[in-house]
Amino acid sequence: RKEVEQDPGPFNVPEGATVAFNCTYSNSASQSFFWYRQDCRKEPKLLMSVYSSGNEDGRFTAQLNRASQYISLLIRDSKLSDSATYLCVVTPLMDTGRRALTFGSGTRLQVQP
Amino acid sequence: EPEVTQTPSHQVTQMGQEVILRCVPISNHLYFYWYRQILGQKVEFLVSFYNNEISEKSEIFDDQFSVERPDGSNFTLKIRSTKLEDSAMYFCATSQGNTDTQYFGPGTRLTVL
């Protein structure tokens, strides 16, 4: 089983649509969770951290379900500029505090005019 | 906003040659990482570095790879004898503390012929 699993997409949505991405992770010891965004041939950029209580940043809402080992990202009112690959990222807090990020393969979003 | 920088942006080399990839971390960051992304695949962790020593490395980071911080500024990744399968995008990332957000540089595209 992959450590972090995502639907690769692509998700093709019209401008203004709401779109949701899901991610599952296999390591129950995972402690920190993130969504990164990656544009074509560019570096990953942190979109938002994901907290157990759920969190929102403008049009973006992230949720974490530790029992199901499941993370989600909701994008409301999609913009053309939201077109990118969205990477689900987890990290185990090992006893030494090591923080290697484990990436999913990403979900591609294409927002169309 | 401070940024991680990497040089060169693109390196082409012959199989068997040594390459050195360079990264300049954000100035007050103390934790340094290398990741790689083979075209079309996910981002993979290679190594983390703190206090002038490796703190964690993955299976990918074998004896052909080494890291150092030679002058207190640059953080380098050396590949001693490149193979075709080393062709990838190599990202440097840095963080202030070991539990803090990792910020990625723009990457070096390595092409091994």
# chains A, B, ... in the order shown; residues from 1 in each chain; ligands from 1
>>> residues_around(residues="Gly40 of chain B", least_positions_apart="6", cutoff="12 Å", atoms="only C-alpha atoms", output="count of residues only")
10
>>> residues_around(residues="Ser52 of chain A", least_positions_apart="6", cutoff="9 Å", atoms="only C-alpha atoms", output="PyMOL selection string")
chain A and resi 63-66
>>> interface_residues(of="chain A", to="chain B", cutoff="8 Å", atoms="only C-alpha atoms", output="compact mmCIF listing (two decimals) with C-alpha atoms, in the first residue's frame")
# COMPACT_ATOMS: atom_id res chain seq x y z
CA LYS A 42 8.07 24.25 -10.38
CA GLU A 43 8.79 23.64 -6.73
CA PRO A 44 6.13 22.55 -4.25
CA LYS A 45 4.69 25.48 -2.30
CA LEU A 46 2.88 25.15 0.99
CA GLY A 97 11.76 14.61 15.76
CA ARG A 98 12.84 13.85 12.23
CA ARG A 99 10.69 15.55 9.67
CA ALA A 100 11.12 14.01 6.25
CA LEU A 101 8.07 14.91 4.20
CA THR A 102 6.23 12.05 2.50
CA PHE A 103 4.44 13.20 -0.62
CA GLY A 104 1.49 11.77 -2.47
CA SER A 105 1.65 11.67 -6.24
CA GLY A 106 -0.68 14.64 -6.47
>>> residues_around(residues="Asn52 of chain B", least_positions_apart="4", cutoff="12 Å", atoms="only C-alpha atoms", output="PyMOL selection string")
chain B and resi 30-32+48+67-76
>>> residues_around(residues="Ser81 of chain B", least_positions_apart="4", cutoff="7 Å", atoms="only C-alpha atoms", output="JSON list (two decimals) with all heavy atoms, in the first residue's frame")
[["chain", "number", "residue", "atom", "x", "y", "z"],
["B", 16, "GLY", "N", 28.43, 8.88, -15.39],
["B", 16, "GLY", "CA", 29.72, 8.62, -14.76],
["B", 16, "GLY", "C", 30.42, 9.86, -14.24],
["B", 16, "GLY", "O", 31.39, 9.75, -13.48],
["B", 17, "GLN", "N", 29.95, 11.03, -14.63],
["B", 17, "GLN", "CA", 30.55, 12.27, -14.16],
["B", 17, "GLN", "C", 30.01, 12.65, -12.78],
["B", 17, "GLN", "O", 28.92, 12.24, -12.38],
["B", 17, "GLN", "CB", 30.26, 13.41, -15.14],
["B", 17, "GLN", "CG", 30.91, 13.23, -16.50],
["B", 17, "GLN", "CD", 32.41, 13.23, -16.42],
["B", 17, "GLN", "OE1", 33.01, 14.18, -15.92],
["B", 17, "GLN", "NE2", 33.03, 12.16, -16.90],
["B", 18, "GLU", "N", 30.78, 13.47, -12.10],
["B", 18, "GLU", "CA", 30.36, 13.99, -10.80],
["B", 18, "GLU", "C", 29.62, 15.30, -11.01],
["B", 18, "GLU", "O", 30.00, 16.10, -11.87],
["B", 18, "GLU", "CB", 31.60, 14.23, -9.94],
["B", 18, "GLU", "CG", 31.30, 14.89, -8.60],
["B", 18, "GLU", "CD", 32.58, 15.17, -7.83],
["B", 18, "GLU", "OE1", 33.17, 14.21, -7.29],
["B", 18, "GLU", "OE2", 32.98, 16.35, -7.75],
["B", 64, "GLN", "N", 26.73, 6.95, -3.39],
["B", 64, "GLN", "CA", 27.03, 7.86, -4.49],
["B", 64, "GLN", "C", 26.70, 9.31, -4.14],
["B", 64, "GLN", "O", 27.15, 10.23, -4.83],
["B", 64, "GLN", "CB", 26.22, 7.48, -5.74],
["B", 64, "GLN", "CG", 26.55, 6.13, -6.31],
["B", 64, "GLN", "CD", 27.85, 6.17, -7.11],
["B", 64, "GLN", "OE1", 28.85, 6.77, -6.71],
["B", 64, "GLN", "NE2", 27.85, 5.52, -8.24]]
>>> select_by_dssp(residues="chain B", states="strand (DSSP E)", output="ChimeraX atom specification")
/B:5-7,10-13,19-24,31-37,43-50,53-57,65-68,75-79,88-95,103-104,108-112
>>> residues_around(residues="Leu84 of chain B", least_positions_apart="2", cutoff="8 Å", atoms="only C-alpha atoms", output="JSON, numbers by chain")
{"B": [15, 82, 86, 87, 111, 112, 113]}
>>> residues_around(residues="Thr24 of chain A", least_positions_apart="2", cutoff="9 Å", atoms="only C-alpha atoms", output="PDB file with all heavy atoms, in the first residue's frame")
ATOM      1  N   GLU A   3       2.244   4.915   0.821  1.00  0.00           N
ATOM      2  CA  GLU A   3       2.200   5.659   2.084  1.00  0.00           C
ATOM      3  C   GLU A   3       1.167   6.774   2.052  1.00  0.00           C
ATOM      4  O   GLU A   3       0.475   7.013   3.032  1.00  0.00           O
ATOM      5  CB  GLU A   3       3.576   6.239   2.365  1.00  0.00           C
ATOM      6  CG  GLU A   3       4.597   5.193   2.787  1.00  0.00           C
ATOM      7  CD  GLU A   3       5.877   5.821   3.245  1.00  0.00           C
ATOM      8  OE1 GLU A   3       5.943   6.269   4.406  1.00  0.00           O
ATOM      9  OE2 GLU A   3       6.822   5.875   2.443  1.00  0.00           O
ATOM     10  N   VAL A   4       1.102   7.471   0.931  1.00  0.00           N
ATOM     11  CA  VAL A   4       0.132   8.552   0.777  1.00  0.00           C
ATOM     12  C   VAL A   4      -0.516   8.363  -0.589  1.00  0.00           C
ATOM     13  O   VAL A   4       0.181   8.326  -1.599  1.00  0.00           O
ATOM     14  CB  VAL A   4       0.802   9.940   0.848  1.00  0.00           C
ATOM     15  CG1 VAL A   4      -0.235  11.030   0.678  1.00  0.00           C
ATOM     16  CG2 VAL A   4       1.563  10.099   2.159  1.00  0.00           C
ATOM     17  N   GLU A   5      -1.816   8.224  -0.585  1.00  0.00           N
ATOM     18  CA  GLU A   5      -2.516   7.892  -1.812  1.00  0.00           C
ATOM     19  C   GLU A   5      -3.489   9.009  -2.202  1.00  0.00           C
ATOM     20  O   GLU A   5      -4.262   9.481  -1.360  1.00  0.00           O
ATOM     21  CB  GLU A   5      -3.283   6.577  -1.623  1.00  0.00           C
ATOM     22  CG  GLU A   5      -3.584   5.865  -2.889  1.00  0.00           C
ATOM     23  CD  GLU A   5      -3.486   4.344  -2.775  1.00  0.00           C
ATOM     24  OE1 GLU A   5      -3.164   3.825  -1.687  1.00  0.00           O
ATOM     25  OE2 GLU A   5      -3.744   3.698  -3.796  1.00  0.00           O
ATOM     26  N   GLN A   6      -3.410   9.394  -3.475  1.00  0.00           N
ATOM     27  CA  GLN A   6      -4.297  10.435  -3.985  1.00  0.00           C
ATOM     28  C   GLN A   6      -4.834  10.006  -5.348  1.00  0.00           C
ATOM     29  O   GLN A   6      -4.144   9.301  -6.106  1.00  0.00           O
ATOM     30  CB  GLN A   6      -3.534  11.748  -4.207  1.00  0.00           C
ATOM     31  CG  GLN A   6      -2.993  12.403  -2.985  1.00  0.00           C
ATOM     32  CD  GLN A   6      -2.319  13.714  -3.325  1.00  0.00           C
ATOM     33  OE1 GLN A   6      -1.101  13.848  -3.259  1.00  0.00           O
ATOM     34  NE2 GLN A   6      -3.125  14.709  -3.687  1.00  0.00           N
ATOM     35  N   ASN A  22      -9.280  14.271  -2.051  1.00  0.00           N
ATOM     36  CA  ASN A  22      -9.098  13.415  -0.879  1.00  0.00           C
ATOM     37  C   ASN A  22      -7.729  12.763  -0.908  1.00  0.00           C
ATOM     38  O   ASN A  22      -7.106  12.639  -1.975  1.00  0.00           O
ATOM     39  CB  ASN A  22     -10.166  12.318  -0.877  1.00  0.00           C
ATOM     40  CG  ASN A  22     -11.548  12.893  -0.898  1.00  0.00           C
ATOM     41  OD1 ASN A  22     -11.826  13.880  -0.232  1.00  0.00           O
ATOM     42  ND2 ASN A  22     -12.430  12.292  -1.689  1.00  0.00           N
ATOM     43  N   SER A  26      -1.097   5.796   5.122  1.00  0.00           N
ATOM     44  CA  SER A  26      -1.052   4.455   5.703  1.00  0.00           C
ATOM     45  C   SER A  26      -0.395   4.413   7.082  1.00  0.00           C
ATOM     46  O   SER A  26      -0.662   3.500   7.868  1.00  0.00           O
ATOM     47  CB  SER A  26      -0.306   3.504   4.764  1.00  0.00           C
ATOM     48  OG  SER A  26       1.017   3.951   4.567  1.00  0.00           O
ATOM     49  N   SER A  68      -9.869   7.561  10.320  1.00  0.00           N
ATOM     50  CA  SER A  68      -9.922   6.967   8.982  1.00  0.00           C
ATOM     51  C   SER A  68      -8.642   7.190   8.198  1.00  0.00           C
ATOM     52  O   SER A  68      -8.517   6.712   7.071  1.00  0.00           O
ATOM     53  CB  SER A  68     -11.096   7.554   8.188  1.00  0.00           C
ATOM     54  OG  SER A  68     -12.304   7.362   8.887  1.00  0.00           O
ATOM     55  N   GLN A  69      -7.709   7.957   8.776  1.00  0.00           N
ATOM     56  CA  GLN A  69      -6.434   8.277   8.116  1.00  0.00           C
ATOM     57  C   GLN A  69      -6.703   8.904   6.754  1.00  0.00           C
ATOM     58  O   GLN A  69      -6.207   8.445   5.708  1.00  0.00           O
ATOM     59  CB  GLN A  69      -5.546   7.019   8.029  1.00  0.00           C
ATOM     60  CG  GLN A  69      -5.132   6.561   9.410  1.00  0.00           C
ATOM     61  CD  GLN A  69      -4.258   5.306   9.423  1.00  0.00           C
ATOM     62  OE1 GLN A  69      -4.215   4.598  10.400  1.00  0.00           O
ATOM     63  NE2 GLN A  69      -3.576   5.029   8.347  1.00  0.00           N
ATOM     64  N   TYR A  70      -7.442   9.983   6.804  1.00  0.00           N
ATOM     65  CA  TYR A  70      -8.005  10.609   5.610  1.00  0.00           C
ATOM     66  C   TYR A  70      -7.887  12.131   5.744  1.00  0.00           C
ATOM     67  O   TYR A  70      -8.148  12.695   6.792  1.00  0.00           O
ATOM     68  CB  TYR A  70      -9.465  10.155   5.562  1.00  0.00           C
ATOM     69  CG  TYR A  70     -10.365  10.791   4.575  1.00  0.00           C
ATOM     70  CD1 TYR A  70     -10.600  10.183   3.341  1.00  0.00           C
ATOM     71  CD2 TYR A  70     -11.049  11.960   4.875  1.00  0.00           C
ATOM     72  CE1 TYR A  70     -11.475  10.748   2.437  1.00  0.00           C
ATOM     73  CE2 TYR A  70     -11.920  12.532   3.971  1.00  0.00           C
ATOM     74  CZ  TYR A  70     -12.135  11.914   2.764  1.00  0.00           C
ATOM     75  OH  TYR A  70     -13.006  12.472   1.863  1.00  0.00           O
ATOM     76  N   ILE A  71      -7.465  12.758   4.642  1.00  0.00           N
ATOM     77  CA  ILE A  71      -7.320  14.218   4.621  1.00  0.00           C
ATOM     78  C   ILE A  71      -8.073  14.728   3.403  1.00  0.00           C
ATOM     79  O   ILE A  71      -8.079  14.067   2.360  1.00  0.00           O
ATOM     80  CB  ILE A  71      -5.834  14.601   4.478  1.00  0.00           C
ATOM     81  CG1 ILE A  71      -4.987  13.942   5.557  1.00  0.00           C
ATOM     82  CG2 ILE A  71      -5.643  16.110   4.527  1.00  0.00           C
ATOM     83  CD1 ILE A  71      -3.516  13.870   5.190  1.00  0.00           C
ATOM     84  N   SER A  72      -8.667  15.884   3.518  1.00  0.00           N
ATOM     85  CA  SER A  72      -9.383  16.437   2.376  1.00  0.00           C
ATOM     86  C   SER A  72      -9.036  17.906   2.193  1.00  0.00           C
ATOM     87  O   SER A  72      -8.585  18.587   3.117  1.00  0.00           O
ATOM     88  CB  SER A  72     -10.897  16.273   2.551  1.00  0.00           C
ATOM     89  OG  SER A  72     -11.346  17.055   3.647  1.00  0.00           O
ATOM     90  N   CYS A  88      -0.687  16.033  -1.379  1.00  0.00           N
ATOM     91  CA  CYS A  88      -0.967  15.703   0.016  1.00  0.00           C
ATOM     92  C   CYS A  88       0.343  15.255   0.651  1.00  0.00           C
ATOM     93  O   CYS A  88       1.070  14.425   0.076  1.00  0.00           O
ATOM     94  CB  CYS A  88      -1.997  14.579   0.045  1.00  0.00           C
ATOM     95  SG  CYS A  88      -2.454  13.993   1.668  1.00  0.00           S
TER      96      CYS A  88
END
>>> atom_distance(atom1="atom CA of Tyr36 of chain A", atom2="atom CA of Tyr86 of chain A")
5.9 Å
>>> atom_distance(atom1="atom CA of Leu73 of chain A", atom2="atom CA of Tyr25 of chain A")
14.3 Å
>>> residues_around(residues="Leu80 of chain A", least_positions_apart="6", cutoff="8 Å", atoms="only C-alpha atoms", output="PyMOL selection string")
chain A and resi 15+110-113
>>> write_last_selection(atoms="C-alpha atoms", output="CSV table (one decimal), in the first residue's frame")
chain,number,residue,atom,x,y,z
A,15,GLU,CA,-14.5,28.7,-13.0
A,110,GLN,CA,-7.6,22.2,-14.4
A,111,VAL,CA,-10.0,25.1,-14.0
A,112,GLN,CA,-11.6,26.1,-17.3
A,113,PRO,CA,-13.1,29.4,-18.4
>>> atom_distance(atom1="atom CA of Thr107 of chain A", atom2="atom CA of Pro10 of chain A")
6.6 Å
